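In what follows, a structure is listed as structure tokens, so that the remarks can point back to it.
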Amino acid sequence: MGFLKRLWGYIKAFFRGKGELFKVELELPIPSSSALVGDLLVVGTDLGRVVGVDLANRKALWTWQDPDSEMLVYGSPAVAEGLAVVGARDRKVHALDLKTGQRKWAFRTRGDVDAAPVSSSGRVYAPSKD
């Protein structure tokens with residue numbers, strides 16, 4: 001596979017010089033960049049959803065949404081230690097299980113978390129508009 005391109009509502013896979021290989025429709029605007037772990041692509045969307053896309057089977061494997069809000073997920077997910085960590089406009093940092101998409105923990109900040117968090121040595125660093 002050459003590279004992946006994000007579009008409004010689609011994840012498209014391209015092979016360099018060969019054109020489009022396939023696309024997966026998510027039916028949601030995708031303002032964030034994605035993260036790739038093996039064949040799992042994780043991307044944040046509008047309406048507060050985070051989607052895990054199985055690229056080998058070309059379909060969404062799981063979708064997570066905070067039941068309390070439809071916050072926007074702008075920043076790219078950080079992936080480490082079996083988790084995808086995203087910041088959102090609900091002023092929280094959310095850690096999701098990469099296999100199931102279930103939330104493992106959340107941390108409230110005093111401001112929106114629009115930028116991508118990073119993870120290193122078991123710690124998560126997330127910029128917010130505090």
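To be explicit about the labels: the chains of the structure tokens are called A, B, and onward in the order shown, and within each one the residues are counted from 1, while ligands get numbers from 1 in the order they are shown.
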
*Could you pull out the strand (DSSP E) residues of chain A from DSSP and send them as a PyMOL selection string?*
chain A and resi 3-7+10-15+19-25+34-37+40-44+49-54+59-65+78-80+83-87+92-97+103-108+118-120+123-125

*Determine, counting only C-alpha atoms, which protein, DNA and RNA residues have an atom within 10 Å of an atom of range 102-105 of chain A; residues of the same chain fewer than 6 positions away are not included. Present the result as a list in words.*
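Once the nearby chain positions are removed, what remains is Trp62, Thr63, Trp64, Gln65, Asp66, Leu83, Ala84, Val85, Val93, His94, Ala95 and Leu96 of chain A.
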
Could those residues be written to a file, using all heavy atoms, as a JSON list (two decimals), in the first residue's frame?
[["chain", "number", "residue", "atom", "x", "y", "z"],
["A", 62, "TRP", "N", -14.89, -0.94, 14.78],
["A", 62, "TRP", "CA", -15.62, -0.42, 15.93],
["A", 62, "TRP", "C", -15.78, 1.09, 15.81],
["A", 62, "TRP", "O", -15.03, 1.75, 15.10],
["A", 62, "TRP", "CB", -14.94, -0.79, 17.25],
["A", 62, "TRP", "CG", -13.47, -0.47, 17.37],
["A", 62, "TRP", "CD1", -12.43, -1.34, 17.22],
["A", 62, "TRP", "CD2", -12.86, 0.81, 17.66],
["A", 62, "TRP", "NE1", -11.24, -0.69, 17.40],
["A", 62, "TRP", "CE2", -11.47, 0.63, 17.68],
["A", 62, "TRP", "CE3", -13.36, 2.09, 17.90],
["A", 62, "TRP", "CZ2", -10.57, 1.66, 17.93],
["A", 62, "TRP", "CZ3", -12.48, 3.13, 18.16],
["A", 62, "TRP", "CH2", -11.10, 2.91, 18.17],
["A", 63, "THR", "N", -16.78, 1.59, 16.49],
["A", 63, "THR", "CA", -17.04, 3.02, 16.59],
["A", 63, "THR", "C", -17.32, 3.35, 18.04],
["A", 63, "THR", "O", -18.11, 2.65, 18.69],
["A", 63, "THR", "CB", -18.24, 3.44, 15.73],
["A", 63, "THR", "OG1", -17.99, 3.08, 14.37],
["A", 63, "THR", "CG2", -18.50, 4.94, 15.82],
["A", 64, "TRP", "N", -16.67, 4.39, 18.56],
["A", 64, "TRP", "CA", -16.92, 4.83, 19.93],
["A", 64, "TRP", "C", -17.43, 6.26, 19.89],
["A", 64, "TRP", "O", -16.98, 7.09, 19.10],
["A", 64, "TRP", "CB", -15.63, 4.79, 20.76],
["A", 64, "TRP", "CG", -15.86, 5.35, 22.12],
["A", 64, "TRP", "CD1", -16.40, 4.69, 23.19],
["A", 64, "TRP", "CD2", -15.61, 6.69, 22.56],
["A", 64, "TRP", "NE1", -16.49, 5.54, 24.26],
["A", 64, "TRP", "CE2", -16.01, 6.77, 23.91],
["A", 64, "TRP", "CE3", -15.08, 7.82, 21.94],
["A", 64, "TRP", "CZ2", -15.90, 7.94, 24.64],
["A", 64, "TRP", "CZ3", -14.97, 8.99, 22.67],
["A", 64, "TRP", "CH2", -15.37, 9.04, 24.01],
["A", 65, "GLN", "N", -18.42, 6.53, 20.75],
["A", 65, "GLN", "CA", -18.93, 7.89, 20.92],
["A", 65, "GLN", "C", -19.25, 8.09, 22.39],
["A", 65, "GLN", "O", -19.88, 7.21, 23.01],
["A", 65, "GLN", "CB", -20.17, 8.14, 20.09],
["A", 65, "GLN", "CG", -20.68, 9.56, 20.25],
["A", 65, "GLN", "CD", -21.85, 9.88, 19.34],
["A", 65, "GLN", "OE1", -22.43, 9.00, 18.71],
["A", 65, "GLN", "NE2", -22.21, 11.14, 19.27],
["A", 66, "ASP", "N", -18.83, 9.22, 22.94],
["A", 66, "ASP", "CA", -19.17, 9.55, 24.32],
["A", 66, "ASP", "C", -20.68, 9.72, 24.39],
["A", 66, "ASP", "O", -21.23, 10.54, 23.66],
["A", 66, "ASP", "CB", -18.45, 10.83, 24.75],
["A", 66, "ASP", "CG", -18.58, 11.11, 26.24],
["A", 66, "ASP", "OD1", -19.62, 10.75, 26.83],
["A", 66, "ASP", "OD2", -17.66, 11.70, 26.80],
["A", 83, "LEU", "N", -3.71, 1.20, 23.39],
["A", 83, "LEU", "CA", -4.72, 2.26, 23.50],
["A", 83, "LEU", "C", -4.61, 3.26, 22.37],
["A", 83, "LEU", "O", -3.51, 3.51, 21.85],
["A", 83, "LEU", "CB", -4.55, 3.02, 24.82],
["A", 83, "LEU", "CG", -4.73, 2.26, 26.12],
["A", 83, "LEU", "CD1", -4.40, 3.15, 27.30],
["A", 83, "LEU", "CD2", -6.15, 1.72, 26.23],
["A", 84, "ALA", "N", -5.73, 3.85, 22.01],
["A", 84, "ALA", "CA", -5.78, 5.03, 21.15],
["A", 84, "ALA", "C", -6.24, 6.17, 22.05],
["A", 84, "ALA", "O", -7.29, 6.08, 22.70],
["A", 84, "ALA", "CB", -6.77, 4.84, 20.00],
["A", 85, "VAL", "N", -5.45, 7.22, 22.13],
["A", 85, "VAL", "CA", -5.77, 8.35, 23.00],
["A", 85, "VAL", "C", -6.10, 9.55, 22.13],
["A", 85, "VAL", "O", -5.33, 9.92, 21.24],
["A", 85, "VAL", "CB", -4.59, 8.67, 23.94],
["A", 85, "VAL", "CG1", -4.95, 9.83, 24.86],
["A", 85, "VAL", "CG2", -4.21, 7.45, 24.75],
["A", 93, "VAL", "N", -9.65, 14.13, 27.59],
["A", 93, "VAL", "CA", -8.76, 13.23, 26.87],
["A", 93, "VAL", "C", -9.31, 11.83, 27.12],
["A", 93, "VAL", "O", -9.56, 11.45, 28.28],
["A", 93, "VAL", "CB", -7.31, 13.35, 27.40],
["A", 93, "VAL", "CG1", -6.40, 12.38, 26.69],
["A", 93, "VAL", "CG2", -6.81, 14.78, 27.24],
["A", 94, "HIS", "N", -9.55, 11.09, 26.06],
["A", 94, "HIS", "CA", -10.16, 9.76, 26.15],
["A", 94, "HIS", "C", -9.16, 8.71, 25.70],
["A", 94, "HIS", "O", -8.50, 8.87, 24.67],
["A", 94, "HIS", "CB", -11.39, 9.66, 25.24],
["A", 94, "HIS", "CG", -12.42, 10.70, 25.49],
["A", 94, "HIS", "ND1", -13.45, 10.51, 26.38],
["A", 94, "HIS", "CD2", -12.59, 11.94, 24.97],
["A", 94, "HIS", "CE1", -14.22, 11.58, 26.40],
["A", 94, "HIS", "NE2", -13.71, 12.47, 25.56],
["A", 95, "ALA", "N", -9.07, 7.59, 26.44],
["A", 95, "ALA", "CA", -8.23, 6.45, 26.05],
["A", 95, "ALA", "C", -9.14, 5.29, 25.69],
["A", 95, "ALA", "O", -9.98, 4.88, 26.49],
["A", 95, "ALA", "CB", -7.31, 6.06, 27.19],
["A", 96, "LEU", "N", -8.99, 4.79, 24.45],
["A", 96, "LEU", "CA", -9.84, 3.72, 23.95],
["A", 96, "LEU", "C", -9.03, 2.47, 23.69],
["A", 96, "LEU", "O", -7.90, 2.54, 23.19],
["A", 96, "LEU", "CB", -10.52, 4.16, 22.64],
["A", 96, "LEU", "CG", -11.21, 5.51, 22.66],
["A", 96, "LEU", "CD1", -11.72, 5.85, 21.27],
["A", 96, "LEU", "CD2", -12.33, 5.53, 23.67]]

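The space separating CA of Val79 in chain A from CA of Ser120 in chain A comes to 9.9 Å.
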
*List the neighbours of Asp130 in chain A out to 10 Å using only C-alpha atoms; skip same-chain residues closer than 2 positions along the sequence, and give me the result as a PyMOL selection string.*
chain A and resi 91+109-113+127-128

*For Tyr74 in chain A, please output as a PyMOL selection string all residues within 6 Å (counting only C-alpha atoms; exclusion window: fewer than 4 positions along the same chain).*
chain A and resi 31-32+114

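With only C-alpha atoms as the basis for measurement, A:Leu47 is the residue among A:Val37, A:Val118, A:Leu55, A:Leu47 that approaches Arg89 in chain A most closely.
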
*Determine, counting only C-alpha atoms, which protein, DNA and RNA residues have an atom within 12 Å of an atom of range 10-13 of chain A; residues of the same chain fewer than 2 positions away are not included. Present the result as a ChimeraX atom specification.*
/A:1-8,15-16,18-35,39,41-45,51-56,58-60

*For CA of Asp90 in chain A and CA of Ser119 in chain A, quote the distance in Å rounded to one decimal.*
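Taking CA of Asp90 in chain A as the start and CA of Ser119 in chain A as the end point, the length is 20.1 Å.
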
*Length of the CA of Lys129 in chain A to CA of Val86 in chain A vector [Å]*: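 Distance between the two atoms: 14.8 Å.
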
*Nearest-residue call for Gly48 in chain A, choices A:Ala116, A:Ala88, A:Ala78, A:Leu61, using only C-alpha atoms*: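 Closest residue, counting only C-alpha atoms: A:Ala88.
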